[in-house]
>>> print(open('target19.csv').read())   # CSV, C-alpha atoms
chain,number,residue,atom,x,y,z
B,20,MET,CA,20.7,-6.6,46.5
B,21,GLY,CA,23.1,-5.5,43.9
B,22,LEU,CA,22.8,-6.9,40.3
B,23,ASP,CA,25.6,-8.8,38.6
B,24,ILE,CA,25.3,-7.0,35.3
B,25,GLU,CA,28.0,-9.2,33.5
B,26,LYS,CA,26.1,-12.3,34.6
B,27,ILE,CA,22.8,-10.8,33.3
B,28,ARG,CA,24.4,-9.9,30.0
B,29,GLN,CA,25.3,-13.6,29.5
B,30,ASP,CA,21.5,-14.3,29.5
B,31,PHE,CA,21.0,-12.2,26.3
B,32,PRO,CA,22.7,-13.9,23.4
B,33,ILE,CA,21.9,-11.2,20.9
B,34,LEU,CA,24.2,-8.7,22.7
B,35,HIS,CA,27.3,-10.8,21.9
B,36,GLN,CA,27.7,-10.0,18.2
B,37,GLN,CA,29.4,-7.4,16.1
B,38,VAL,CA,27.7,-4.8,13.9
B,39,ASN,CA,29.8,-3.2,11.2
B,40,GLY,CA,32.9,-4.8,12.8
B,41,LYS,CA,32.1,-3.3,16.3
B,42,ASP,CA,30.7,-4.9,19.4
B,43,LEU,CA,27.0,-4.3,19.5
B,44,ILE,CA,25.8,-1.6,21.9
B,45,TYR,CA,22.0,-1.7,22.1
B,46,PHE,CA,20.4,1.5,23.2
B,47,ASP,CA,16.9,1.1,21.6
B,48,ASN,CA,15.2,-0.5,24.6
B,49,ALA,CA,12.2,1.9,24.5
B,50,ALA,CA,11.3,0.4,21.1
B,51,THR,CA,11.8,-3.1,22.3
B,52,THR,CA,13.8,-4.9,24.9
B,53,GLN,CA,16.0,-7.9,24.1
B,54,LYS,CA,15.0,-11.4,25.3
B,55,PRO,CA,16.8,-13.5,27.8
B,56,LEU,CA,17.6,-17.2,27.2
B,57,PRO,CA,14.8,-18.5,29.4
B,58,VAL,CA,12.3,-16.7,27.2
B,59,LEU,CA,13.9,-18.0,24.0
B,60,GLU,CA,14.0,-21.5,25.4
B,61,ALA,CA,10.3,-21.3,26.4
B,62,LEU,CA,9.3,-20.5,22.8
B,63,SER,CA,11.4,-23.4,21.5
B,64,GLU,CA,10.0,-25.8,24.1
B,65,TYR,CA,6.4,-24.9,23.3
B,66,TYR,CA,6.8,-25.5,19.6
B,67,GLY,CA,9.1,-28.5,20.1
B,68,LYS,CA,7.2,-30.4,22.9
B,69,TYR,CA,3.6,-29.4,23.4
B,70,ASN,CA,2.4,-27.3,20.4
B,71,ALA,CA,-1.4,-27.6,20.4
B,72,ASN,CA,-4.5,-25.4,20.3
B,73,ILE,CA,-5.7,-24.4,23.7
B,74,HIS,CA,-9.0,-24.9,25.7
B,75,ARG,CA,-11.6,-27.4,24.4
B,76,GLY,CA,-9.0,-30.1,23.6
B,77,ILE,CA,-8.9,-33.1,25.9
B,78,HIS,CA,-5.6,-34.7,24.7
B,79,PHE,CA,-2.3,-34.3,26.6
B,80,LEU,CA,-0.7,-31.6,24.4
B,81,ALA,CA,-3.8,-29.4,24.4
B,82,GLU,CA,-4.2,-29.7,28.2
B,83,LYS,CA,-0.5,-28.8,28.8
B,84,ALA,CA,-0.6,-25.9,26.4
B,85,THR,CA,-3.8,-24.6,28.0
B,86,SER,CA,-2.3,-24.9,31.5
B,87,ALA,CA,0.8,-22.9,30.4
B,88,PHE,CA,-1.3,-20.3,28.6
B,89,GLU,CA,-3.5,-19.7,31.7
B,90,LEU,CA,-0.5,-19.6,34.1
B,91,THR,CA,0.5,-16.5,32.2
B,92,ARG,CA,-2.8,-14.9,32.9
B,93,LYS,CA,-2.3,-15.6,36.6
B,94,ALA,CA,1.2,-14.2,36.5
B,95,PHE,CA,-0.1,-10.9,35.0
B,96,ARG,CA,-2.9,-10.7,37.5
B,97,GLU,CA,-0.2,-10.9,40.2
B,98,PHE,CA,2.1,-8.5,38.3
B,99,LEU,CA,-0.6,-5.8,38.2
B,100,ASN,CA,-2.3,-6.8,41.4
B,101,ALA,CA,-5.6,-7.2,39.7
B,102,SER,CA,-8.4,-8.7,41.8
B,103,SER,CA,-9.2,-11.5,39.4
B,104,THR,CA,-7.8,-13.3,36.3
B,105,GLU,CA,-11.1,-12.4,34.7
B,106,GLU,CA,-9.8,-8.8,34.5
B,107,ILE,CA,-6.7,-9.8,32.4
B,108,ILE,CA,-7.5,-9.8,28.7
B,109,PHE,CA,-4.8,-11.0,26.3
B,110,THR,CA,-4.2,-8.7,23.3
B,111,TYR,CA,-1.7,-8.3,20.6
B,112,GLY,CA,-0.1,-5.4,22.3
B,113,THR,CA,-0.7,-2.0,23.8
B,114,THR,CA,-2.1,-0.6,20.6
B,115,ASP,CA,-4.6,-3.4,20.3
B,116,GLY,CA,-5.7,-2.9,23.9
B,117,ILE,CA,-6.3,0.8,23.4
B,118,ASN,CA,-8.3,0.1,20.3
B,119,LEU,CA,-10.3,-2.5,22.1
B,120,VAL,CA,-11.5,0.0,24.7
B,121,ALA,CA,-12.1,2.7,22.2
B,122,GLN,CA,-14.2,0.5,19.9
B,123,THR,CA,-16.2,-1.2,22.7
B,124,TYR,CA,-16.5,1.0,25.7
B,125,GLY,CA,-16.3,4.1,23.6
B,126,ARG,CA,-18.8,3.1,20.9
B,127,LYS,CA,-21.3,1.9,23.5
B,128,PHE,CA,-21.1,4.6,26.1
B,129,LEU,CA,-20.0,7.8,24.5
B,130,LYS,CA,-22.3,10.2,22.7
B,131,GLU,CA,-22.1,13.4,20.7
B,132,GLY,CA,-20.5,16.3,22.7
B,133,ASP,CA,-18.7,14.0,25.2
B,134,GLU,CA,-15.1,14.9,25.8
B,135,ILE,CA,-11.9,12.7,25.7
B,136,ILE,CA,-8.7,14.0,27.3
B,137,ILE,CA,-5.3,12.9,26.3
B,138,SER,CA,-1.9,14.6,26.7
B,139,THR,CA,0.7,16.3,24.4
B,140,MET,CA,3.2,13.5,24.9
B,141,GLU,CA,1.0,10.6,23.7
B,142,HIS,CA,2.2,7.9,21.3
B,143,HIS,CA,0.1,7.8,18.1
B,144,SER,CA,-1.5,4.7,19.4
B,145,ASN,CA,-3.1,6.7,22.1
B,146,ILE,CA,-4.2,9.5,19.8
B,147,VAL,CA,-5.5,8.0,16.6
B,148,PRO,CA,-8.1,5.5,18.1
B,149,TRP,CA,-9.7,8.4,20.0
B,150,GLN,CA,-9.7,10.6,16.9
B,151,MET,CA,-11.5,7.8,15.0
B,152,LEU,CA,-14.0,7.5,17.8
B,153,CYS,CA,-14.6,11.3,17.9
B,154,GLU,CA,-15.2,11.3,14.1
B,155,GLU,CA,-17.7,8.5,14.5
B,156,LYS,CA,-19.5,9.7,17.6
B,157,GLY,CA,-19.1,13.5,17.4
B,158,CYS,CA,-17.0,13.6,20.6
B,159,ILE,CA,-14.4,16.3,21.3
B,160,LEU,CA,-10.7,15.6,21.9
B,161,LYS,CA,-8.9,17.8,24.4
B,162,VAL,CA,-5.1,17.8,25.0
B,163,ILE,CA,-3.2,18.4,28.3
B,164,PRO,CA,-0.2,20.7,27.6
B,165,ILE,CA,3.3,20.1,28.9
B,166,ASP,CA,6.1,22.5,30.0
B,167,ASP,CA,9.5,23.0,28.3
B,168,ASP,CA,11.0,20.3,30.5
B,169,GLY,CA,8.4,17.7,29.4
B,170,ASN,CA,6.3,17.8,32.6
B,171,LEU,CA,2.5,17.5,32.2
B,172,ILE,CA,0.9,20.8,33.4
B,173,PHE,CA,-1.4,19.4,36.0
B,174,GLU,CA,-3.3,22.7,36.6
B,175,ALA,CA,-4.2,22.8,32.9
B,176,TYR,CA,-5.5,19.2,33.2
B,177,GLU,CA,-7.7,20.2,36.1
B,178,GLN,CA,-9.1,23.0,34.0
B,179,LEU,CA,-10.0,20.7,31.1
B,180,LEU,CA,-12.1,18.4,33.3
B,181,ASN,CA,-15.8,19.0,33.5
B,182,GLU,CA,-19.1,17.1,33.5
B,183,LYS,CA,-18.7,16.3,29.8
B,184,THR,CA,-15.4,14.5,30.3
B,185,ALA,CA,-16.1,10.8,29.5
B,186,ILE,CA,-12.6,9.3,29.1
B,187,VAL,CA,-9.1,10.3,30.2
B,188,SER,CA,-6.4,8.3,28.4
B,189,VAL,CA,-2.8,9.2,29.2
B,190,VAL,CA,0.6,7.6,29.0
B,191,HIS,CA,2.2,6.4,32.3
B,192,VAL,CA,5.7,7.0,31.0
B,193,SER,CA,6.5,8.9,27.8
B,194,ASN,CA,8.4,6.8,25.2
B,195,ALA,CA,10.0,9.9,23.7
B,196,LEU,CA,10.9,11.9,26.8
B,197,GLY,CA,11.0,9.3,29.7
B,198,THR,CA,8.6,11.5,31.7
B,199,ILE,CA,6.8,9.7,34.5
B,200,ASN,CA,3.3,11.1,34.8
B,201,PRO,CA,1.4,11.5,38.1
B,202,ILE,CA,-1.2,8.9,37.1
B,203,LYS,CA,-2.7,8.3,40.6
B,204,GLN,CA,-3.6,12.0,40.8
B,205,ILE,CA,-4.8,12.0,37.2
B,206,ILE,CA,-7.1,9.1,37.9
B,207,GLU,CA,-8.4,10.6,41.2
B,208,LYS,CA,-9.3,13.9,39.5
B,209,ALA,CA,-11.0,12.2,36.5
B,210,HIS,CA,-13.1,10.1,38.8
B,211,GLU,CA,-14.4,13.2,40.6
B,212,PHE,CA,-16.1,14.0,37.3
B,213,GLY,CA,-17.3,10.4,36.6
B,214,ALA,CA,-14.8,9.8,33.8
B,215,VAL,CA,-13.1,6.5,33.2
B,216,VAL,CA,-9.4,6.4,32.9
B,217,LEU,CA,-7.1,4.3,30.6
B,218,ILE,CA,-3.4,4.3,31.2
B,219,ASP,CA,-0.9,3.4,28.5
B,220,GLY,CA,1.7,1.4,30.5
B,221,ALA,CA,3.9,0.3,27.6
B,222,GLN,CA,7.0,2.1,28.7
B,223,ALA,CA,6.3,1.9,32.5
B,224,SER,CA,6.0,-1.9,32.8
B,225,SER,CA,9.7,-2.7,33.0
B,226,HIS,CA,10.6,0.3,35.2
B,227,ILE,CA,7.8,0.9,37.7
B,228,ASP,CA,5.7,-1.2,40.1
B,229,ILE,CA,2.1,-1.2,39.0
B,230,ASP,CA,-0.8,-1.8,41.4
B,231,VAL,CA,-4.1,-1.3,39.5
B,232,GLN,CA,-6.2,-1.6,42.7
B,233,ALA,CA,-4.2,1.0,44.6
B,234,LEU,CA,-4.3,3.3,41.5
B,235,ASP,CA,-8.1,2.6,41.1
B,236,VAL,CA,-7.5,2.7,37.4
B,237,ASP,CA,-10.3,1.6,35.1
B,238,PHE,CA,-8.1,0.3,32.2
B,239,TYR,CA,-4.4,-0.4,32.0
B,240,VAL,CA,-2.6,-1.6,28.8
B,241,LEU,CA,0.9,-2.9,28.2
B,242,SER,CA,3.0,-5.0,25.8
B,243,ALA,CA,5.2,-7.9,26.7
B,244,HIS,CA,8.0,-7.0,24.2
B,245,LYS,CA,8.9,-3.9,26.3
B,246,LEU,CA,9.2,-6.2,29.3
B,247,TYR,CA,11.9,-8.6,28.0
B,248,GLY,CA,9.1,-10.8,26.5
B,249,PRO,CA,8.0,-11.6,23.0
B,250,THR,CA,6.4,-9.4,20.4
B,251,GLY,CA,2.7,-9.7,19.4
B,252,MET,CA,1.4,-10.2,23.0
B,253,GLY,CA,0.0,-7.7,25.4
B,254,ILE,CA,-2.4,-7.2,28.3
B,255,LEU,CA,-5.6,-5.2,28.8
B,256,TYR,CA,-6.5,-4.9,32.4
B,257,GLY,CA,-10.1,-3.7,33.0
B,258,LYS,CA,-12.3,-3.5,36.0
B,259,LYS,CA,-14.7,-6.4,35.9
B,260,ASP,CA,-17.9,-4.4,35.9
B,261,LEU,CA,-16.7,-2.3,33.0
B,262,LEU,CA,-15.6,-5.3,30.9
B,263,ASN,CA,-18.9,-7.1,31.5
B,264,ALA,CA,-20.7,-4.0,30.3
B,265,MET,CA,-18.7,-3.8,27.1
B,266,PRO,CA,-19.7,-5.6,23.9
B,267,PRO,CA,-17.2,-8.1,22.3
B,268,TYR,CA,-14.5,-6.6,20.1
B,269,ARG,CA,-14.2,-9.4,17.6
B,270,GLY,CA,-16.4,-12.3,16.7
B,271,GLY,CA,-15.3,-15.9,16.2
B,272,GLY,CA,-14.3,-19.0,18.1
B,273,GLU,CA,-13.6,-19.0,21.8
B,274,MET,CA,-15.6,-15.8,22.6
B,275,ILE,CA,-18.9,-17.6,22.3
B,276,LYS,CA,-20.9,-20.0,24.5
B,277,GLU,CA,-23.4,-21.0,21.9
B,278,VAL,CA,-24.0,-20.2,18.3
B,279,THR,CA,-27.1,-20.7,16.2
B,280,PHE,CA,-28.0,-18.9,13.0
B,281,GLU,CA,-30.7,-17.0,14.9
B,282,LYS,CA,-28.6,-15.9,17.9
B,283,THR,CA,-25.2,-16.1,19.6
B,284,THR,CA,-24.5,-16.1,23.3
B,285,TYR,CA,-21.2,-14.6,24.3
B,286,ASN,CA,-18.6,-16.2,26.6
B,287,ASP,CA,-17.7,-15.0,30.1
B,288,LEU,CA,-14.7,-12.9,30.9
B,289,PRO,CA,-11.9,-12.9,29.9
B,290,TYR,CA,-12.7,-15.1,26.9
B,291,LYS,CA,-15.4,-12.7,25.6
B,292,PHE,CA,-12.6,-10.5,24.2
B,293,GLU,CA,-10.3,-13.3,22.9
B,294,ALA,CA,-11.7,-14.5,19.6
B,295,GLY,CA,-9.8,-16.9,17.5
B,296,THR,CA,-6.6,-18.9,18.1
B,297,PRO,CA,-4.4,-16.7,20.2
B,298,ASN,CA,-0.7,-16.1,20.1
B,299,ILE,CA,-0.1,-19.1,22.3
B,300,ALA,CA,3.7,-19.5,22.2
B,301,ASP,CA,4.3,-15.8,23.0
B,302,VAL,CA,1.7,-15.8,25.7
B,303,VAL,CA,3.4,-18.8,27.3
B,304,ALA,CA,6.9,-17.2,27.0
B,305,ALA,CA,5.6,-13.9,28.4
B,306,LYS,CA,5.3,-15.5,31.9
B,307,ILE,CA,8.9,-16.5,31.7
B,308,ALA,CA,9.8,-12.9,31.0
B,309,LEU,CA,7.8,-11.9,34.1
B,310,ASP,CA,9.6,-14.5,36.1
B,311,TYR,CA,12.9,-13.2,34.9
B,312,VAL,CA,12.0,-9.6,36.0
B,313,LYS,CA,10.7,-10.8,39.3
B,314,ASN,CA,13.8,-12.8,40.1
B,315,LEU,CA,16.0,-9.7,39.4
B,316,GLY,CA,13.6,-7.5,41.4
B,317,LYS,CA,12.0,-4.6,39.6
B,318,GLU,CA,13.2,-2.2,42.3
B,319,ASN,CA,16.8,-3.4,41.6
B,320,ILE,CA,16.3,-3.0,37.9
B,321,ALA,CA,14.9,0.5,38.4
B,322,ALA,CA,17.7,1.6,40.7
B,323,TYR,CA,20.4,0.4,38.3
B,324,GLU,CA,18.7,2.0,35.3
B,325,ASN,CA,18.4,5.3,37.2
B,326,GLU,CA,22.1,5.1,37.9
B,327,LEU,CA,22.7,4.7,34.1
B,328,LEU,CA,20.3,7.6,33.4
B,329,GLU,CA,22.1,10.0,35.8
B,330,TYR,CA,25.5,8.9,34.4
B,331,ALA,CA,24.5,9.4,30.8
B,332,THR,CA,22.7,12.7,31.4
B,333,GLU,CA,25.8,14.1,33.1
B,334,LYS,CA,28.1,12.9,30.2
B,335,LEU,CA,25.9,14.0,27.4
B,336,GLN,CA,25.2,17.4,28.8
B,337,LYS,CA,28.9,18.1,28.5
B,338,ILE,CA,28.9,17.6,24.7
B,339,GLU,CA,28.9,21.0,23.0
B,340,GLY,CA,26.0,21.5,20.7
B,341,LEU,CA,23.9,18.7,22.2
B,342,LYS,CA,20.6,19.5,23.8
B,343,ILE,CA,18.5,17.0,25.8
B,344,ILE,CA,14.8,17.2,25.0
B,345,GLY,CA,12.8,16.3,28.1
B,346,GLN,CA,14.2,16.8,31.5
B,347,ALA,CA,11.2,16.1,33.7
B,348,ARG,CA,11.3,16.0,37.4
B,349,GLU,CA,10.7,12.3,37.3
B,350,LYS,CA,11.7,10.2,34.4
B,351,VAL,CA,12.9,6.7,33.4
B,352,SER,CA,16.1,5.7,31.6
B,353,VAL,CA,15.3,7.4,28.3
B,354,ILE,CA,17.3,10.3,26.8
B,355,SER,CA,16.2,12.1,23.7
B,356,PHE,CA,18.6,14.7,22.3
B,357,VAL,CA,19.2,17.0,19.3
B,358,MET,CA,22.5,18.2,17.9
B,359,GLU,CA,23.0,21.7,16.5
B,360,GLY,CA,23.4,21.6,12.8
B,361,ILE,CA,23.0,17.8,12.5
B,362,HIS,CA,19.8,15.9,11.6
B,363,PRO,CA,18.9,13.1,14.0
B,364,GLN,CA,18.9,10.5,11.2
B,365,ASP,CA,22.5,11.3,10.4
B,366,VAL,CA,23.4,10.8,14.1
B,367,GLY,CA,21.8,7.4,14.0
B,368,VAL,CA,23.5,6.3,10.8
B,369,ILE,CA,27.0,7.2,12.0
B,370,LEU,CA,26.4,5.7,15.4
B,371,ASP,CA,25.2,2.5,13.7
B,372,GLN,CA,28.5,2.4,11.8
B,373,GLN,CA,30.1,2.2,15.2
B,374,GLY,CA,27.9,-0.6,16.4
B,375,ILE,CA,25.7,1.6,18.5
B,376,ALA,CA,21.9,1.2,18.1
B,377,VAL,CA,19.8,4.2,18.9
B,378,ARG,CA,16.4,5.3,17.7
B,379,THR,CA,15.9,8.4,15.5
B,380,GLY,CA,12.9,10.3,14.3
B,381,HIS,CA,9.6,11.4,15.9
B,382,HIS,CA,9.1,8.1,17.9
B,383,CYS,CA,5.4,8.0,16.9
B,384,THR,CA,4.9,11.3,18.8
B,385,GLN,CA,4.7,13.8,16.0
B,386,PRO,CA,2.5,16.3,18.0
B,387,LEU,CA,5.1,16.2,20.8
B,388,MET,CA,7.9,17.0,18.3
B,389,GLN,CA,5.8,19.9,17.0
B,390,ARG,CA,5.4,21.1,20.6
B,391,PHE,CA,9.2,21.4,20.8
B,392,GLY,CA,9.6,22.8,17.3
B,393,ILE,CA,11.8,20.0,16.1
B,394,PRO,CA,11.5,17.3,13.3
B,395,GLY,CA,12.7,14.5,15.7
B,396,THR,CA,15.4,13.4,18.1
B,397,SER,CA,18.0,10.8,18.6
B,398,ARG,CA,17.0,8.6,21.5
B,399,ALA,CA,19.1,6.4,23.7
B,400,SER,CA,17.2,4.2,26.1
B,401,PHE,CA,18.8,1.9,28.7
B,402,ALA,CA,17.9,-1.5,30.1
B,403,VAL,CA,19.3,-3.7,32.8
B,404,TYR,CA,21.9,-5.2,30.6
B,405,ASN,CA,23.5,-1.9,29.6
B,406,THR,CA,26.7,-0.5,31.2
B,407,LYS,CA,28.4,2.7,31.9
B,408,GLU,CA,31.2,1.6,29.6
B,409,GLU,CA,28.7,1.4,26.8
B,410,ILE,CA,27.6,5.0,27.6
B,411,ASP,CA,31.2,6.1,27.4
B,412,LYS,CA,31.3,4.6,23.9
B,413,LEU,CA,28.1,6.5,23.0
B,414,VAL,CA,29.7,9.8,24.1
B,415,ALA,CA,32.8,9.0,22.0
B,416,GLY,CA,30.6,8.0,19.1
B,417,ILE,CA,28.7,11.3,19.2
B,418,GLU,CA,32.0,13.2,19.2
B,419,LYS,CA,32.9,11.3,16.0
B,420,VAL,CA,29.5,12.3,14.6
B,421,LYS,CA,30.5,16.0,15.2
B,422,LYS,CA,33.9,15.6,13.6
B,423,PHE,CA,32.5,13.8,10.6
B,424,LEU,CA,29.6,16.2,9.9
B,425,LEU,CA,30.6,19.6,11.3
>>> encode(input="target19.csv", output="structure tokens")
Amino acid sequence: MGLDIEKIRQDFPILHQQVNGKDLIYFDNAATTQKPLPVLEALSEYYGKYNANIHRGIHFLAEKATSAFELTRKAFREFLNASSTEEIIFTYGTTDGINLVAQTYGRKFLKEGDEIIISTMEHHSNIVPWQMLCEEKGCILKVIPIDDDGNLIFEAYEQLLNEKTAIVSVVHVSNALGTINPIKQIIEKAHEFGAVVLIDGAQASSHIDIDVQALDVDFYVLSAHKLYGPTGMGILYGKKDLLNAMPPYRGGGEMIKEVTFEKTTYNDLPYKFEAGTPNIADVVAAKIALDYVKNLGKENIAAYENELLEYATEKLQKIEGLKIIGQAREKVSVISFVMEGIHPQDVGVILDQQGIAVRTGHHCTQPLMQRFGIPGTSRASFAVYNTKEEIDKLVAGIEKVKKFLL
């Protein structure tokens, strides 16, 4: 089924405005995607018609809010093909999910001398929590290298694995390069050594089908705002036996069964990890975002975004002095580039003057930038509502950058 892109664009009101007197072209989708009308309407409807705290309440509004909240959990169970809703933990985003695993599983089960493996292309959110754990527990952090095209060097990964490997935590898709990592093979190899695997799926969730059972992954984390949903809401998937073995992350209401001054009994999954009043409205609206993606068909979205990626790559490669950073064998619709003699920030500023939104800097991947010997890149990332005509305007905009600065 082909997608009607113009019809889809009508679902995103934010796109229909001018920036600096120019029609907005939004190419910062790897940072956050825009939200369709049904998601915006769901937020308004929750606050306008059935705003109430969830669970425990017996009145009409509380029961309606609770039902909508838990429908989102069921939707994410289906989205990830988890075996149970008990394995779906609501978080405040990918970063929160990674920290939850590091501070619960990591603190309980890791000991001095244990090794944690990450990759060169990790977001800071999948570096810093493990560094903190290593400092606390005396563990050792090891890093999988990448080649000049941004591919993970799998043979080097295999050489890092040994009987001391306790956790492997890698990104499914690089936010800075667009590289798709071979996570099924990564998981299989880690399990041969008894290690558990966490996959950072923040960038993958809107582009790639995810089946946590087929992958046999131990933990998988993602954020709704990269998936046409609201900010401040994410998911941690974890295998039930692992989650049951982990201590609570935060203490408070909801994550308890019974509290006395002498002893507290913790709640069952998934509520054991969901202390306090959650981000109810954004959780409710996240289901609507999943419905939107499902109705379009993720395979259709991916096919169209790949078409945009190929078109943009071909056009940008023809610009003299422009170099694309990251040309992996498999990648999603993200293009990072540098321009000879021009700082990435200057590229972003001049493009913004033309109404074109790109991301500039190190993209929270400073070690990756150091690997390539650059301070940062300009990054254009495409979503289902972008067009080839917008890419043509990006190319023209970059030519204007050159004329202005060179």
>>> residues_around(input="target19.csv", residues="segment 77-94 of chain B", least_positions_apart="4", cutoff="7 Å", atoms="all atoms listed in the file", output="number ranges by chain")
B: 69-73, 98, 104, 107, 299, 302-303, 305-306
>>> closest_residue(input="target19.csv", among="B:Leu22, B:Val414, B:Val189, B:Ala376", to="Ala322 of chain B", atoms="only C-alpha atoms")
B:Leu22
>>> residues_around(input="target19.csv", residues="Gly270 of chain B", least_positions_apart="5", cutoff="12 Å", atoms="all atoms listed in the file", output="PDB file with C-alpha atoms, in the coordinates of the input")
ATOM      1  CA  ILE B 275     -18.900 -17.600  22.300  1.00  0.00           C
ATOM      2  CA  LYS B 276     -20.900 -20.000  24.500  1.00  0.00           C
ATOM      3  CA  VAL B 278     -24.000 -20.200  18.300  1.00  0.00           C
ATOM      4  CA  THR B 283     -25.200 -16.100  19.600  1.00  0.00           C
ATOM      5  CA  THR B 284     -24.500 -16.100  23.300  1.00  0.00           C
ATOM      6  CA  TYR B 285     -21.200 -14.600  24.300  1.00  0.00           C
ATOM      7  CA  ASN B 286     -18.600 -16.200  26.600  1.00  0.00           C
ATOM      8  CA  TYR B 290     -12.700 -15.100  26.900  1.00  0.00           C
ATOM      9  CA  LYS B 291     -15.400 -12.700  25.600  1.00  0.00           C
ATOM     10  CA  PHE B 292     -12.600 -10.500  24.200  1.00  0.00           C
ATOM     11  CA  GLU B 293     -10.300 -13.300  22.900  1.00  0.00           C
ATOM     12  CA  ALA B 294     -11.700 -14.500  19.600  1.00  0.00           C
ATOM     13  CA  GLY B 295      -9.800 -16.900  17.500  1.00  0.00           C
ATOM     14  CA  THR B 296      -6.600 -18.900  18.100  1.00  0.00           C
TER      15      THR B 296
END
>>> residues_around(input="target19.csv", residues="Ile375 of chain B", least_positions_apart="4", cutoff="8 Å", atoms="only C-alpha atoms", output="number ranges by chain")
B: 43-46, 370-371, 413
>>> closest_residue(input="target19.csv", among="B:Leu261, B:Glu105, B:Leu425, B:Asn405", to="Asp23 of chain B", atoms="all atoms listed in the file")
B:Asn405
>>> residues_around(input="target19.csv", residues="Gly360 of chain B", least_positions_apart="2", cutoff="10 Å", atoms="all atoms listed in the file", output="JSON, numbers by chain")
{"B": [340, 341, 357, 358, 362, 363, 421, 424, 425]}
>>> residues_around(input="target19.csv", residues="Ile410 of chain B", least_positions_apart="2", cutoff="10 Å", atoms="all atoms listed in the file", output="MDAnalysis selection string")
chainID B and resid 44 46 327:328 330:332 334:335 375 399 401 405:408 412:416
>>> closest_residue(input="target19.csv", among="B:Ile136, B:Val351, B:Leu56, B:Val236", to="Tyr176 of chain B", atoms="all atoms listed in the file")
B:Ile136
>>> closest_residue(input="target19.csv", among="B:Ser63, B:Ser242, B:Thr379, B:Ser224", to="Gly112 of chain B", atoms="only C-alpha atoms")
B:Ser242
>>> atom_distance(input="target19.csv", atom1="atom CA of Gly40 of chain B", atom2="atom CA of Glu25 of chain B")
21.7 Å
>>> build_atoms(input="target19.csv", residues="segment 195-208 of chain B", atoms="N, CA and C atoms", output="PDB file, in the coordinates of the input")
ATOM      1  N   ALA B 195       9.068   8.996  24.353  1.00  0.00           N
ATOM      2  CA  ALA B 195      10.000   9.900  23.700  1.00  0.00           C
ATOM      3  C   ALA B 195      10.801  10.746  24.686  1.00  0.00           C
ATOM      4  N   LEU B 196      10.248  11.012  25.875  1.00  0.00           N
ATOM      5  CA  LEU B 196      10.900  11.900  26.800  1.00  0.00           C
ATOM      6  C   LEU B 196      11.349  11.152  28.107  1.00  0.00           C
ATOM      7  N   GLY B 197      10.719  10.039  28.416  1.00  0.00           N
ATOM      8  CA  GLY B 197      11.000   9.300  29.700  1.00  0.00           C
ATOM      9  C   GLY B 197      10.209   9.877  30.845  1.00  0.00           C
ATOM     10  N   THR B 198       9.401  10.910  30.648  1.00  0.00           N
ATOM     11  CA  THR B 198       8.600  11.500  31.700  1.00  0.00           C
ATOM     12  C   THR B 198       7.702  10.513  32.399  1.00  0.00           C
ATOM     13  N   ILE B 199       7.716  10.493  33.732  1.00  0.00           N
ATOM     14  CA  ILE B 199       6.800   9.700  34.500  1.00  0.00           C
ATOM     15  C   ILE B 199       5.617  10.611  34.916  1.00  0.00           C
ATOM     16  N   ASN B 200       4.428  10.289  34.475  1.00  0.00           N
ATOM     17  CA  ASN B 200       3.300  11.100  34.800  1.00  0.00           C
ATOM     18  C   ASN B 200       2.656  10.748  36.144  1.00  0.00           C
ATOM     19  N   PRO B 201       2.047  11.720  36.831  1.00  0.00           N
ATOM     20  CA  PRO B 201       1.400  11.500  38.100  1.00  0.00           C
ATOM     21  C   PRO B 201       0.055  10.804  37.962  1.00  0.00           C
ATOM     22  N   ILE B 202       0.057   9.534  37.571  1.00  0.00           N
ATOM     23  CA  ILE B 202      -1.200   8.900  37.100  1.00  0.00           C
ATOM     24  C   ILE B 202      -2.194   8.727  38.271  1.00  0.00           C
ATOM     25  N   LYS B 203      -1.731   8.519  39.472  1.00  0.00           N
ATOM     26  CA  LYS B 203      -2.700   8.300  40.600  1.00  0.00           C
ATOM     27  C   LYS B 203      -3.524   9.612  40.754  1.00  0.00           C
ATOM     28  N   GLN B 204      -2.876  10.759  40.713  1.00  0.00           N
ATOM     29  CA  GLN B 204      -3.600  12.000  40.800  1.00  0.00           C
ATOM     30  C   GLN B 204      -4.485  12.287  39.612  1.00  0.00           C
ATOM     31  N   ILE B 205      -3.980  11.904  38.439  1.00  0.00           N
ATOM     32  CA  ILE B 205      -4.800  12.000  37.200  1.00  0.00           C
ATOM     33  C   ILE B 205      -6.056  11.229  37.318  1.00  0.00           C
ATOM     34  N   ILE B 206      -5.929   9.996  37.799  1.00  0.00           N
ATOM     35  CA  ILE B 206      -7.100   9.100  37.900  1.00  0.00           C
ATOM     36  C   ILE B 206      -8.070   9.667  38.964  1.00  0.00           C
ATOM     37  N   GLU B 207      -7.562  10.104  40.110  1.00  0.00           N
ATOM     38  CA  GLU B 207      -8.400  10.600  41.200  1.00  0.00           C
ATOM     39  C   GLU B 207      -9.254  11.813  40.657  1.00  0.00           C
ATOM     40  N   LYS B 208      -8.610  12.729  39.958  1.00  0.00           N
ATOM     41  CA  LYS B 208      -9.300  13.900  39.500  1.00  0.00           C
ATOM     42  C   LYS B 208     -10.365  13.547  38.416  1.00  0.00           C
TER      43      LYS B 208
END
